[in-house]
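Student: Pasting in a structure now, in structure tokens, and then I'll have a few things to ask.
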Amino acid sequence: MMTRRLLRMIALAVLAAALGPALCRGAAAEAAPSSFWIEEASLPPEGDAPELVPGALAEVDLDRGEAVFRFTAPSNSVYDVCLFPADEGDFQARAQLWHGDELLAEGEGGATAVSLRLTTGEAYALRLTGAGRVRLELARHALSRCFELPMALDAGGDAYSKAVARAGDVHWYAVDADSDLPAALAGIPDEPGLRLQALLFDGDGRLLAEGVRTVGGACLLGFVPRAGQRYRLRLRAVGAGTGLYNLRLERSATAAMPDRVTLSRQELALAGRSAHQLTAYFSPEAASGLVYWESSDPEVAVVDANGLVSGRGEGTAFVTAYSAWGEYDRCRVEVGYVPVSSLALITRRIALNVGDDAAVECEVLPANASRPDLVYEVSSGEAAMVDARGVVRGVAEGEAVVTVRTLDGGLEDALTVTVGPAPKRRRALLVGEQNYASTVATVRTGSVNSVAGLRSMLQALSYEDSRFQVTTLLDASRDRALAAVGEAFAGAEDGDLSLFYITCHGYYSDGMTFLQMYDGSTLAAAELAQALRGVKGEVLVVIDCCGSGGVIGRASGTGDILKGIDAVFGGATGPAAIDGSRFRVLASAALEQDSYRISFSREAVESDMATVFARALCEGCGWSIERSARSAMRADVDYDGAVSLNELYAYTARRVRWYLNLTGTISGEAYAQSVQVWPEGDARPLFARAAAR
């Protein structure tokens, strides 16, 4: 007689074969079907249940019996157990989430059956019972990560850029149909090895279509929507590839969909690195013209988004034009060899400072030479080094000679590099916390725009003729933010300026400001101070959150002047003098106040929101977040072309009050937000307008 364990193993094998290798390694099932409600609540023996991996969308036939999955949470977060119909029929499903022998939560099927905070590294079990066929996803409850919180995707305009942080990441988008005209979606990898999959669902979670996947990893999806309906797009990385991708939605001006794509050439011969423009024709002519171009071998030939084909190396490649509905045509490209005939340097001398970089500029002829690759080396002197791309870096005061040689033909030329003393360096680390886990805090809409605005502002500024090197960090944990301080400001020396900015939820308690990170971890101001003390040179700290004035112990109704660095960051007065401190601080609000965000329009949507403080900072230094363009340096009241800490404080304090007065009242009272500064009256130049590059 077969044992219960053997019956379970046989059932598992049958179900895994039915689901196929692309699904989530099958689902454990009893030999006999179970009813929707089950009395016994015991779990299967350890190891019997397949593992539910991130990014999987498992298809489960509950008519065959219960299904049990193992799951290990990759991060501390709220996770949703989502159940979608797998076919046209109805389904009933009940989900139970277990931790060991403890039943943590249960719920009946719908888009989200169970939502619960899980702990990273802990093993959980998920049991499904009921009837019918369902698709199962276990997703993190965060903006763009789950069915319930999709990112809005608009038609036209620039492509939406998104990062796949790791293999298995899933991103959800909402597409609102304003007409019955055909629509086309294109997901384009920015990095080699990234392969994308797109699935289109209706508002109830029923799968409507799967996108066409190209050989190079892109995904294309064409569909005909119904006006007034909302659709959801599920996009994920297939395999181990990670990196950035671009997602674009376009709507056709006509109701016609293409049934054929034809290229202007079926065969093409290129000499070396010459180029030729291909054109894609659609049938019928009025059909949607969204087309994606791809080369089978980019080392032989490449093609841009408009169909311009350029030779790269001797050989044969195929250039394919895809429509979003799966039609395609291709052109055979033969690339011939063209030898290098001459090499000439654009300049014979480069002047650098220690730590600065400059590119060696060369002209290789003919312009379409097949192998224009160059080798660079320092042939004499120790003042400079050069990398494989021809970028020279000054390493010590003095002179060096850099030699350039062609790989094809061995032609040579040389130039002299003169290196002067090291300039002062300017670095900035901008941290924004926006997509909070639902159990931690509400989404802090506008943080991304605030960080982006400050980044653009700094890139348009200089400090004693040195530009800022800017690093941005979004939705970081406490540990990641502290580690980023060391990474972003590595190599800082005396005389350098390091700027740290963070916008997040925050609060003041027990004499200390605390910064709330997206995942629930908390960064105390004292911990931030300790990390920043290890940074050499001057440090400008800008805190943009509720209770931020606590970093310098400032309440709106007090005139306390703090003593000592510990007091500055700890939020309590101290006996030591502040003279000679390397720190300067701007805080968006007093320790007992909230810090507000406002929209550029009446609709408080993500694309229009930024903090009042960030907007005022950018305006004071000559950047408009709203217009994303340079503006007058409004904080420069003495018109010397530079902004000091005192000028910036005076402007932001006044401007924040002005914005909030326009906003109106809250609960019948005026909004109160008082910008804080330490030390007061600091007139040293901080920012200056950089010359346009």
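Quick note on naming: the chains in the structure tokens go A, B, ... in the order shown, residues restart at 1 in each chain, and ligands are numbered from 1 in order of appearance.
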Select from region 305-548 of chain A everything DSSP, run on the backbone, classes as strand (DSSP E), then give the selection as a JSON list (two decimals) with N, CA and C atoms, in the first residue's frame.
Tutor:
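part38.json was written with the following content:
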[["chain", "number", "residue", "atom", "x", "y", "z"],
["A", 308, "LEU", "N", 18.39, 53.37, -38.14],
["A", 308, "LEU", "CA", 19.69, 53.67, -38.75],
["A", 308, "LEU", "C", 20.66, 52.54, -38.40],
["A", 309, "VAL", "N", 21.15, 51.83, -39.42],
["A", 309, "VAL", "CA", 22.04, 50.68, -39.24],
["A", 309, "VAL", "C", 23.48, 51.13, -39.44],
["A", 310, "SER", "N", 24.37, 50.77, -38.51],
["A", 310, "SER", "CA", 25.79, 51.14, -38.60],
["A", 310, "SER", "C", 26.64, 49.90, -38.46],
["A", 311, "GLY", "N", 27.64, 49.78, -39.32],
["A", 311, "GLY", "CA", 28.56, 48.66, -39.24],
["A", 311, "GLY", "C", 29.48, 48.78, -38.04],
["A", 315, "GLY", "N", 31.52, 40.79, -40.88],
["A", 315, "GLY", "CA", 30.67, 39.63, -40.68],
["A", 315, "GLY", "C", 29.25, 39.87, -41.15],
["A", 316, "THR", "N", 28.34, 39.00, -40.67],
["A", 316, "THR", "CA", 26.93, 39.04, -41.07],
["A", 316, "THR", "C", 26.05, 39.17, -39.84],
["A", 317, "ALA", "N", 25.06, 40.03, -39.92],
["A", 317, "ALA", "CA", 24.06, 40.18, -38.86],
["A", 317, "ALA", "C", 22.70, 40.38, -39.50],
["A", 318, "PHE", "N", 21.65, 40.15, -38.70],
["A", 318, "PHE", "CA", 20.29, 40.38, -39.17],
["A", 318, "PHE", "C", 19.66, 41.47, -38.32],
["A", 319, "VAL", "N", 19.14, 42.50, -39.00],
["A", 319, "VAL", "CA", 18.43, 43.58, -38.32],
["A", 319, "VAL", "C", 16.94, 43.33, -38.49],
["A", 320, "THR", "N", 16.22, 43.29, -37.35],
["A", 320, "THR", "CA", 14.79, 42.96, -37.36],
["A", 320, "THR", "C", 13.98, 44.14, -36.86],
["A", 321, "ALA", "N", 12.85, 44.41, -37.53],
["A", 321, "ALA", "CA", 11.89, 45.42, -37.10],
["A", 321, "ALA", "C", 10.64, 44.70, -36.63],
["A", 322, "TYR", "N", 10.26, 44.91, -35.36],
["A", 322, "TYR", "CA", 9.08, 44.27, -34.78],
["A", 322, "TYR", "C", 7.96, 45.30, -34.58],
["A", 323, "SER", "N", 6.73, 44.88, -34.83],
["A", 323, "SER", "CA", 5.59, 45.68, -34.39],
["A", 323, "SER", "C", 5.15, 45.15, -33.02],
["A", 328, "TYR", "N", 6.87, 41.06, -38.00],
["A", 328, "TYR", "CA", 8.24, 41.53, -38.11],
["A", 328, "TYR", "C", 8.78, 41.27, -39.52],
["A", 329, "ASP", "N", 9.86, 41.94, -39.84],
["A", 329, "ASP", "CA", 10.61, 41.68, -41.06],
["A", 329, "ASP", "C", 12.08, 41.92, -40.73],
["A", 330, "ARG", "N", 12.95, 41.31, -41.49],
["A", 330, "ARG", "CA", 14.37, 41.47, -41.19],
["A", 330, "ARG", "C", 15.19, 41.69, -42.44],
["A", 331, "CYS", "N", 16.37, 42.28, -42.22],
["A", 331, "CYS", "CA", 17.29, 42.60, -43.30],
["A", 331, "CYS", "C", 18.64, 41.94, -43.00],
["A", 332, "ARG", "N", 19.20, 41.28, -43.97],
["A", 332, "ARG", "CA", 20.53, 40.67, -43.84],
["A", 332, "ARG", "C", 21.57, 41.76, -44.09],
["A", 333, "VAL", "N", 22.49, 41.94, -43.16],
["A", 333, "VAL", "CA", 23.50, 43.00, -43.26],
["A", 333, "VAL", "C", 24.89, 42.35, -43.34],
["A", 334, "GLU", "N", 25.58, 42.63, -44.43],
["A", 334, "GLU", "CA", 26.97, 42.17, -44.62],
["A", 334, "GLU", "C", 27.90, 43.37, -44.40],
["A", 335, "VAL", "N", 28.84, 43.23, -43.47],
["A", 335, "VAL", "CA", 29.76, 44.32, -43.16],
["A", 335, "VAL", "C", 31.16, 43.92, -43.62],
["A", 336, "GLY", "N", 31.74, 44.74, -44.51],
["A", 336, "GLY", "CA", 33.09, 44.48, -45.03],
["A", 336, "GLY", "C", 34.16, 45.19, -44.23],
["A", 342, "SER", "N", 45.41, 56.33, -41.16],
["A", 342, "SER", "CA", 46.19, 57.37, -40.47],
["A", 342, "SER", "C", 45.64, 57.62, -39.07],
["A", 343, "LEU", "N", 46.52, 58.21, -38.19],
["A", 343, "LEU", "CA", 46.17, 58.57, -36.81],
["A", 343, "LEU", "C", 46.72, 59.97, -36.55],
["A", 344, "ALA", "N", 45.88, 60.86, -35.98],
["A", 344, "ALA", "CA", 46.35, 62.21, -35.66],
["A", 344, "ALA", "C", 45.72, 62.66, -34.34],
["A", 345, "LEU", "N", 46.53, 63.25, -33.44],
["A", 345, "LEU", "CA", 46.03, 63.81, -32.18],
["A", 345, "LEU", "C", 45.49, 65.21, -32.43],
["A", 349, "ARG", "N", 49.12, 68.87, -26.13],
["A", 349, "ARG", "CA", 49.37, 69.15, -24.71],
["A", 349, "ARG", "C", 48.05, 69.23, -23.96],
["A", 350, "ILE", "N", 48.02, 68.62, -22.78],
["A", 350, "ILE", "CA", 46.86, 68.66, -21.89],
["A", 350, "ILE", "C", 47.32, 69.17, -20.53],
["A", 351, "ALA", "N", 46.59, 70.14, -19.96],
["A", 351, "ALA", "CA", 46.89, 70.66, -18.62],
["A", 351, "ALA", "C", 45.80, 70.20, -17.66],
["A", 352, "LEU", "N", 46.22, 69.58, -16.53],
["A", 352, "LEU", "CA", 45.30, 69.04, -15.53],
["A", 352, "LEU", "C", 45.73, 69.47, -14.13],
["A", 353, "ASN", "N", 44.81, 69.29, -13.17],
["A", 353, "ASN", "CA", 45.17, 69.33, -11.76],
["A", 353, "ASN", "C", 45.15, 67.92, -11.21],
["A", 357, "ASP", "N", 40.40, 64.67, -14.61],
["A", 357, "ASP", "CA", 40.45, 63.79, -15.78],
["A", 357, "ASP", "C", 40.30, 64.61, -17.05],
["A", 358, "ALA", "N", 40.85, 64.10, -18.14],
["A", 358, "ALA", "CA", 40.66, 64.69, -19.46],
["A", 358, "ALA", "C", 40.81, 63.58, -20.50],
["A", 359, "ALA", "N", 40.03, 63.68, -21.58],
["A", 359, "ALA", "CA", 40.07, 62.66, -22.62],
["A", 359, "ALA", "C", 41.08, 63.04, -23.70],
["A", 362, "CYS", "N", 41.51, 62.02, -30.54],
["A", 362, "CYS", "CA", 42.25, 61.55, -31.73],
["A", 362, "CYS", "C", 41.33, 61.50, -32.93],
["A", 363, "GLU", "N", 41.94, 61.54, -34.11],
["A", 363, "GLU", "CA", 41.21, 61.35, -35.35],
["A", 363, "GLU", "C", 41.81, 60.16, -36.07],
["A", 364, "VAL", "N", 40.97, 59.13, -36.28],
["A", 364, "VAL", "CA", 41.39, 57.93, -37.01],
["A", 364, "VAL", "C", 40.71, 57.97, -38.38],
["A", 365, "LEU", "N", 41.52, 57.81, -39.43],
["A", 365, "LEU", "CA", 41.00, 57.83, -40.80],
["A", 365, "LEU", "C", 41.26, 56.50, -41.49],
["A", 374, "LEU", "N", 42.05, 52.01, -30.14],
["A", 374, "LEU", "CA", 43.33, 52.59, -29.79],
["A", 374, "LEU", "C", 43.85, 52.02, -28.48],
["A", 375, "VAL", "N", 45.16, 52.01, -28.34],
["A", 375, "VAL", "CA", 45.83, 51.61, -27.10],
["A", 375, "VAL", "C", 46.56, 52.84, -26.55],
["A", 376, "TYR", "N", 46.36, 53.11, -25.24],
["A", 376, "TYR", "CA", 46.98, 54.28, -24.60],
["A", 376, "TYR", "C", 47.92, 53.80, -23.51],
["A", 377, "GLU", "N", 49.06, 54.49, -23.38],
["A", 377, "GLU", "CA", 49.98, 54.17, -22.28],
["A", 377, "GLU", "C", 50.82, 55.41, -21.95],
["A", 378, "VAL", "N", 51.24, 55.48, -20.67],
["A", 378, "VAL", "CA", 52.15, 56.55, -20.25],
["A", 378, "VAL", "C", 53.56, 56.08, -20.52],
["A", 379, "SER", "N", 54.23, 56.73, -21.48],
["A", 379, "SER", "CA", 55.56, 56.27, -21.89],
["A", 379, "SER", "C", 56.68, 56.89, -21.06],
["A", 380, "SER", "N", 56.41, 58.02, -20.39],
["A", 380, "SER", "CA", 57.44, 58.61, -19.52],
["A", 380, "SER", "C", 56.76, 59.51, -18.50],
["A", 384, "ALA", "N", 50.94, 61.33, -14.41],
["A", 384, "ALA", "CA", 49.62, 61.01, -14.93],
["A", 384, "ALA", "C", 49.48, 59.52, -15.18],
["A", 385, "MET", "N", 48.21, 59.07, -15.25],
["A", 385, "MET", "CA", 47.90, 57.71, -15.67],
["A", 385, "MET", "C", 46.79, 57.80, -16.71],
["A", 386, "VAL", "N", 46.66, 56.76, -17.54],
["A", 386, "VAL", "CA", 45.65, 56.76, -18.59],
["A", 386, "VAL", "C", 44.98, 55.40, -18.61],
["A", 391, "VAL", "N", 41.22, 58.16, -21.14],
["A", 391, "VAL", "CA", 40.99, 59.20, -20.15],
["A", 391, "VAL", "C", 42.24, 59.32, -19.28],
["A", 392, "VAL", "N", 42.85, 60.52, -19.29],
["A", 392, "VAL", "CA", 44.07, 60.78, -18.52],
["A", 392, "VAL", "C", 43.69, 61.37, -17.17],
["A", 393, "ARG", "N", 44.32, 60.89, -16.10],
["A", 393, "ARG", "CA", 44.08, 61.44, -14.76],
["A", 393, "ARG", "C", 45.40, 61.95, -14.19],
["A", 394, "GLY", "N", 45.35, 63.16, -13.62],
["A", 394, "GLY", "CA", 46.52, 63.69, -12.94],
["A", 394, "GLY", "C", 46.68, 63.05, -11.58],
["A", 398, "GLY", "N", 53.64, 67.63, -12.03],
["A", 398, "GLY", "CA", 54.76, 67.34, -12.93],
["A", 398, "GLY", "C", 54.28, 67.13, -14.35],
["A", 399, "GLU", "N", 55.10, 66.42, -15.16],
["A", 399, "GLU", "CA", 54.77, 66.17, -16.56],
["A", 399, "GLU", "C", 54.87, 64.69, -16.88],
["A", 400, "ALA", "N", 54.10, 64.28, -17.87],
["A", 400, "ALA", "CA", 54.15, 62.90, -18.37],
["A", 400, "ALA", "C", 53.86, 62.92, -19.86],
["A", 401, "VAL", "N", 54.30, 61.88, -20.57],
["A", 401, "VAL", "CA", 54.05, 61.74, -22.00],
["A", 401, "VAL", "C", 53.13, 60.53, -22.20],
["A", 402, "VAL", "N", 52.03, 60.74, -22.92],
["A", 402, "VAL", "CA", 51.07, 59.68, -23.22],
["A", 402, "VAL", "C", 51.19, 59.32, -24.69],
["A", 403, "THR", "N", 51.37, 58.02, -24.95],
["A", 403, "THR", "CA", 51.49, 57.52, -26.32],
["A", 403, "THR", "C", 50.20, 56.82, -26.73],
["A", 404, "VAL", "N", 49.77, 57.08, -27.97],
["A", 404, "VAL", "CA", 48.56, 56.48, -28.53],
["A", 404, "VAL", "C", 48.95, 55.63, -29.73],
["A", 405, "ARG", "N", 48.36, 54.39, -29.80],
["A", 405, "ARG", "CA", 48.71, 53.48, -30.90],
["A", 405, "ARG", "C", 47.44, 52.81, -31.43],
["A", 406, "THR", "N", 47.33, 52.67, -32.74],
["A", 406, "THR", "CA", 46.20, 51.96, -33.33],
["A", 406, "THR", "C", 46.46, 50.46, -33.28],
["A", 412, "GLU", "N", 51.40, 55.29, -34.43],
["A", 412, "GLU", "CA", 51.61, 55.90, -33.11],
["A", 412, "GLU", "C", 51.65, 57.41, -33.19],
["A", 413, "ASP", "N", 51.28, 58.06, -32.03],
["A", 413, "ASP", "CA", 51.45, 59.50, -31.84],
["A", 413, "ASP", "C", 51.52, 59.72, -30.33],
["A", 414, "ALA", "N", 51.97, 60.93, -29.89],
["A", 414, "ALA", "CA", 52.16, 61.18, -28.46],
["A", 414, "ALA", "C", 51.80, 62.62, -28.12],
["A", 415, "LEU", "N", 51.48, 62.85, -26.82],
["A", 415, "LEU", "CA", 51.21, 64.20, -26.31],
["A", 415, "LEU", "C", 51.78, 64.33, -24.91],
["A", 416, "THR", "N", 51.94, 65.59, -24.46],
["A", 416, "THR", "CA", 52.49, 65.88, -23.13],
["A", 416, "THR", "C", 51.36, 66.30, -22.18],
["A", 417, "VAL", "N", 51.40, 65.79, -20.95],
["A", 417, "VAL", "CA", 50.41, 66.12, -19.93],
["A", 417, "VAL", "C", 51.11, 66.87, -18.81],
["A", 418, "THR", "N", 50.63, 68.08, -18.49],
["A", 418, "THR", "CA", 51.16, 68.87, -17.39],
["A", 418, "THR", "C", 50.14, 68.86, -16.25],
["A", 419, "VAL", "N", 50.59, 68.49, -15.05],
["A", 419, "VAL", "CA", 49.68, 68.32, -13.90],
["A", 419, "VAL", "C", 50.01, 69.35, -12.83],
["A", 420, "GLY", "N", 48.99, 70.14, -12.44],
["A", 420, "GLY", "CA", 49.13, 71.13, -11.38],
["A", 420, "GLY", "C", 48.57, 70.62, -10.06],
["A", 426, "ARG", "N", 33.97, 68.95, -4.49],
["A", 426, "ARG", "CA", 32.62, 69.16, -4.01],
["A", 426, "ARG", "C", 31.80, 67.91, -4.29],
["A", 427, "ARG", "N", 31.25, 67.32, -3.24],
["A", 427, "ARG", "CA", 30.46, 66.09, -3.38],
["A", 427, "ARG", "C", 29.12, 66.28, -2.69],
["A", 428, "ALA", "N", 28.10, 65.59, -3.19],
["A", 428, "ALA", "CA", 26.77, 65.66, -2.58],
["A", 428, "ALA", "C", 26.14, 64.27, -2.58],
["A", 429, "LEU", "N", 25.49, 63.92, -1.47],
["A", 429, "LEU", "CA", 24.70, 62.70, -1.36],
["A", 429, "LEU", "C", 23.27, 63.11, -1.05],
["A", 430, "LEU", "N", 22.35, 62.79, -1.97],
["A", 430, "LEU", "CA", 20.95, 63.17, -1.83],
["A", 430, "LEU", "C", 20.13, 61.91, -1.60],
["A", 431, "VAL", "N", 19.42, 61.84, -0.48],
["A", 431, "VAL", "CA", 18.66, 60.65, -0.09],
["A", 431, "VAL", "C", 17.18, 61.01, -0.04],
["A", 432, "GLY", "N", 16.35, 60.22, -0.70],
["A", 432, "GLY", "CA", 14.89, 60.43, -0.69],
["A", 432, "GLY", "C", 14.16, 59.16, -0.32],
["A", 461, "LEU", "N", 25.53, 74.45, -10.46],
["A", 461, "LEU", "CA", 26.27, 75.31, -9.54],
["A", 461, "LEU", "C", 27.74, 74.91, -9.46],
["A", 462, "SER", "N", 28.53, 75.79, -8.88],
["A", 462, "SER", "CA", 29.92, 75.48, -8.56],
["A", 462, "SER", "C", 30.22, 76.00, -7.17],
["A", 463, "TYR", "N", 31.37, 75.65, -6.65],
["A", 463, "TYR", "CA", 31.81, 76.12, -5.35],
["A", 463, "TYR", "C", 33.31, 76.37, -5.48],
["A", 466, "SER", "N", 34.63, 74.76, -8.57],
["A", 466, "SER", "CA", 34.61, 73.30, -8.65],
["A", 466, "SER", "C", 33.17, 72.82, -8.65],
["A", 467, "ARG", "N", 32.83, 71.95, -9.59],
["A", 467, "ARG", "CA", 31.47, 71.45, -9.70],
["A", 467, "ARG", "C", 31.21, 70.31, -8.70],
["A", 468, "PHE", "N", 29.93, 70.06, -8.46],
["A", 468, "PHE", "CA", 29.54, 69.00, -7.53],
["A", 468, "PHE", "C", 29.48, 67.65, -8.24],
["A", 469, "GLN", "N", 29.99, 66.65, -7.54],
["A", 469, "GLN", "CA", 29.80, 65.26, -7.94],
["A", 469, "GLN", "C", 28.63, 64.74, -7.11],
["A", 470, "VAL", "N", 27.50, 64.43, -7.77],
["A", 470, "VAL", "CA", 26.24, 64.17, -7.06],
["A", 470, "VAL", "C", 25.91, 62.67, -7.09],
["A", 471, "THR", "N", 25.56, 62.13, -5.92],
["A", 471, "THR", "CA", 25.08, 60.76, -5.79],
["A", 471, "THR", "C", 23.67, 60.80, -5.23],
["A", 472, "THR", "N", 22.74, 60.04, -5.83],
["A", 472, "THR", "CA", 21.37, 59.98, -5.32],
["A", 472, "THR", "C", 21.08, 58.58, -4.81],
["A", 473, "LEU", "N", 20.22, 58.51, -3.80],
["A", 473, "LEU", "CA", 19.85, 57.24, -3.17],
["A", 473, "LEU", "C", 18.37, 57.33, -2.83],
["A", 474, "LEU", "N", 17.56, 56.42, -3.38],
["A", 474, "LEU", "CA", 16.12, 56.43, -3.15],
["A", 474, "LEU", "C", 15.68, 55.18, -2.42],
["A", 497, "LEU", "N", 34.20, 70.23, 0.26],
["A", 497, "LEU", "CA", 32.86, 70.40, 0.80],
["A", 497, "LEU", "C", 32.03, 69.16, 0.48],
["A", 498, "SER", "N", 31.40, 68.57, 1.52],
["A", 498, "SER", "CA", 30.52, 67.42, 1.36],
["A", 498, "SER", "C", 29.12, 67.81, 1.80],
["A", 499, "LEU", "N", 28.15, 67.65, 0.91],
["A", 499, "LEU", "CA", 26.77, 68.04, 1.20],
["A", 499, "LEU", "C", 25.92, 66.79, 1.36],
["A", 500, "PHE", "N", 25.23, 66.67, 2.51],
["A", 500, "PHE", "CA", 24.31, 65.56, 2.74],
["A", 500, "PHE", "C", 22.90, 66.11, 2.85],
["A", 501, "TYR", "N", 21.97, 65.58, 2.02],
["A", 501, "TYR", "CA", 20.56, 66.00, 2.04],
["A", 501, "TYR", "C", 19.70, 64.76, 2.18],
["A", 502, "ILE", "N", 18.67, 64.83, 3.03],
["A", 502, "ILE", "CA", 17.70, 63.74, 3.13],
["A", 502, "ILE", "C", 16.31, 64.32, 3.27],
["A", 503, "THR", "N", 15.35, 63.73, 2.55],
["A", 503, "THR", "CA", 13.94, 64.06, 2.70],
["A", 503, "THR", "C", 13.18, 62.78, 3.00],
["A", 505, "HIS", "N", 10.08, 60.91, 6.17],
["A", 505, "HIS", "CA", 9.29, 61.11, 7.37],
["A", 505, "HIS", "C", 10.25, 61.23, 8.55],
["A", 506, "GLY", "N", 9.91, 62.07, 9.51],
["A", 506, "GLY", "CA", 10.77, 62.24, 10.67],
["A", 506, "GLY", "C", 9.96, 62.69, 11.88],
["A", 507, "TYR", "N", 10.60, 62.63, 13.06],
["A", 507, "TYR", "CA", 9.95, 63.08, 14.28],
["A", 507, "TYR", "C", 11.01, 63.39, 15.33],
["A", 508, "TYR", "N", 10.63, 64.17, 16.33],
["A", 508, "TYR", "CA", 11.54, 64.55, 17.41],
["A", 508, "TYR", "C", 11.04, 63.91, 18.70],
["A", 509, "SER", "N", 11.92, 63.20, 19.42],
["A", 509, "SER", "CA", 11.53, 62.51, 20.64],
["A", 509, "SER", "C", 12.74, 62.36, 21.55],
["A", 512, "MET", "N", 16.00, 64.16, 20.56],
["A", 512, "MET", "CA", 16.69, 63.66, 19.37],
["A", 512, "MET", "C", 15.73, 63.67, 18.17],
["A", 513, "THR", "N", 16.24, 64.04, 17.01],
["A", 513, "THR", "CA", 15.49, 63.88, 15.77],
["A", 513, "THR", "C", 15.76, 62.48, 15.21],
["A", 514, "PHE", "N", 14.69, 61.82, 14.78],
["A", 514, "PHE", "CA", 14.78, 60.49, 14.19],
["A", 514, "PHE", "C", 14.25, 60.55, 12.76],
["A", 515, "LEU", "N", 14.97, 59.91, 11.85],
["A", 515, "LEU", "CA", 14.61, 59.87, 10.44],
["A", 515, "LEU", "C", 14.03, 58.49, 10.13],
["A", 516, "GLN", "N", 12.80, 58.47, 9.61],
["A", 516, "GLN", "CA", 12.09, 57.22, 9.33],
["A", 516, "GLN", "C", 12.39, 56.77, 7.91],
["A", 522, "THR", "N", 15.04, 53.01, 11.50],
["A", 522, "THR", "CA", 15.09, 54.40, 11.95],
["A", 522, "THR", "C", 16.54, 54.84, 12.07],
["A", 523, "LEU", "N", 16.84, 56.02, 11.53],
["A", 523, "LEU", "CA", 18.17, 56.60, 11.59],
["A", 523, "LEU", "C", 18.14, 57.78, 12.55],
["A", 524, "ALA", "N", 18.83, 57.64, 13.69],
["A", 524, "ALA", "CA", 18.90, 58.72, 14.66],
["A", 524, "ALA", "C", 19.89, 59.77, 14.19],
["A", 538, "GLU", "N", 34.79, 70.44, 5.07],
["A", 538, "GLU", "CA", 33.53, 71.02, 5.52],
["A", 538, "GLU", "C", 32.36, 70.11, 5.15],
["A", 539, "VAL", "N", 31.33, 70.11, 6.02],
["A", 539, "VAL", "CA", 30.15, 69.28, 5.80],
["A", 539, "VAL", "C", 28.91, 70.16, 5.93],
["A", 540, "LEU", "N", 28.10, 70.18, 4.88],
["A", 540, "LEU", "CA", 26.81, 70.87, 4.91],
["A", 540, "LEU", "C", 25.72, 69.82, 5.02],
["A", 541, "VAL", "N", 24.91, 69.90, 6.09],
["A", 541, "VAL", "CA", 23.86, 68.92, 6.34],
["A", 541, "VAL", "C", 22.51, 69.62, 6.14],
["A", 542, "VAL", "N", 21.68, 69.05, 5.27],
["A", 542, "VAL", "CA", 20.36, 69.62, 4.98],
["A", 542, "VAL", "C", 19.32, 68.53, 5.26],
["A", 543, "ILE", "N", 18.46, 68.77, 6.27],
["A", 543, "ILE", "CA", 17.46, 67.80, 6.69],
["A", 543, "ILE", "C", 16.08, 68.33, 6.32],
["A", 544, "ASP", "N", 15.30, 67.55, 5.59],
["A", 544, "ASP", "CA", 14.01, 67.99, 5.06],
["A", 544, "ASP", "C", 12.94, 67.00, 5.53]]
Student: Excluding same-chain residues fewer than 4 positions from Gly307 (chain A), what lies within 12 Å of it counting only C-alpha atoms, as a list in words?
Tutor: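 In the requested format, the answer is Leu263, Ser264, Arg265, Ala275, His276, Gln277, Leu278, Thr279, Ala280, Tyr281, Leu290, Val291, Tyr292, Trp293, Glu294, Ser295, Ala301, Val302, Val303, Val319, Thr320, Ala321, Tyr322, Arg330 and Cys331 of chain A.
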Student: Might you pull out every residue within 9 Å of region 285-287 of chain A, with only C-alpha atoms counted and same-chain residues fewer than 3 positions away left off, and present them as JSON, numbers by chain?
Tutor: {"A": [252, 253, 254, 255, 256, 257, 258, 259, 281, 282]}
Student: Using Å and a single decimal, report how far CA of Arg425 (chain A) sits from CA of Val354 (chain A).
Tutor: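 Spanning CA of Val354 (chain A) to CA of Arg425 (chain A) is a straight-line distance of 11.0 Å.
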Student: For region 636-649 of chain A, list every protein, DNA or RNA residue within 9 Å, evaluated using only C-alpha atoms, and leave out those in the same chain fewer than 5 positions away; present the list as a ChimeraX atom specification.
Tutor: /A:463,584-586,617,620-621,654,675-689
Student: Of the residues A:Ser631, A:Asn435, A:Thr120, A:Ser588, which is the one nearest to Pro74 (chain A), using only C-alpha atoms?
Tutor: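 Checking each of A:Ser631, A:Asn435, A:Thr120, A:Ser588 against Pro74 (chain A), counting only C-alpha atoms, the winner is A:Thr120.
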Student: If you run DSSP on this backbone, which residues of region 209-451 of chain A come out as alpha helix (DSSP H), and could you give them as a PyMOL selection string?
Tutor: chain A and resi 447-451
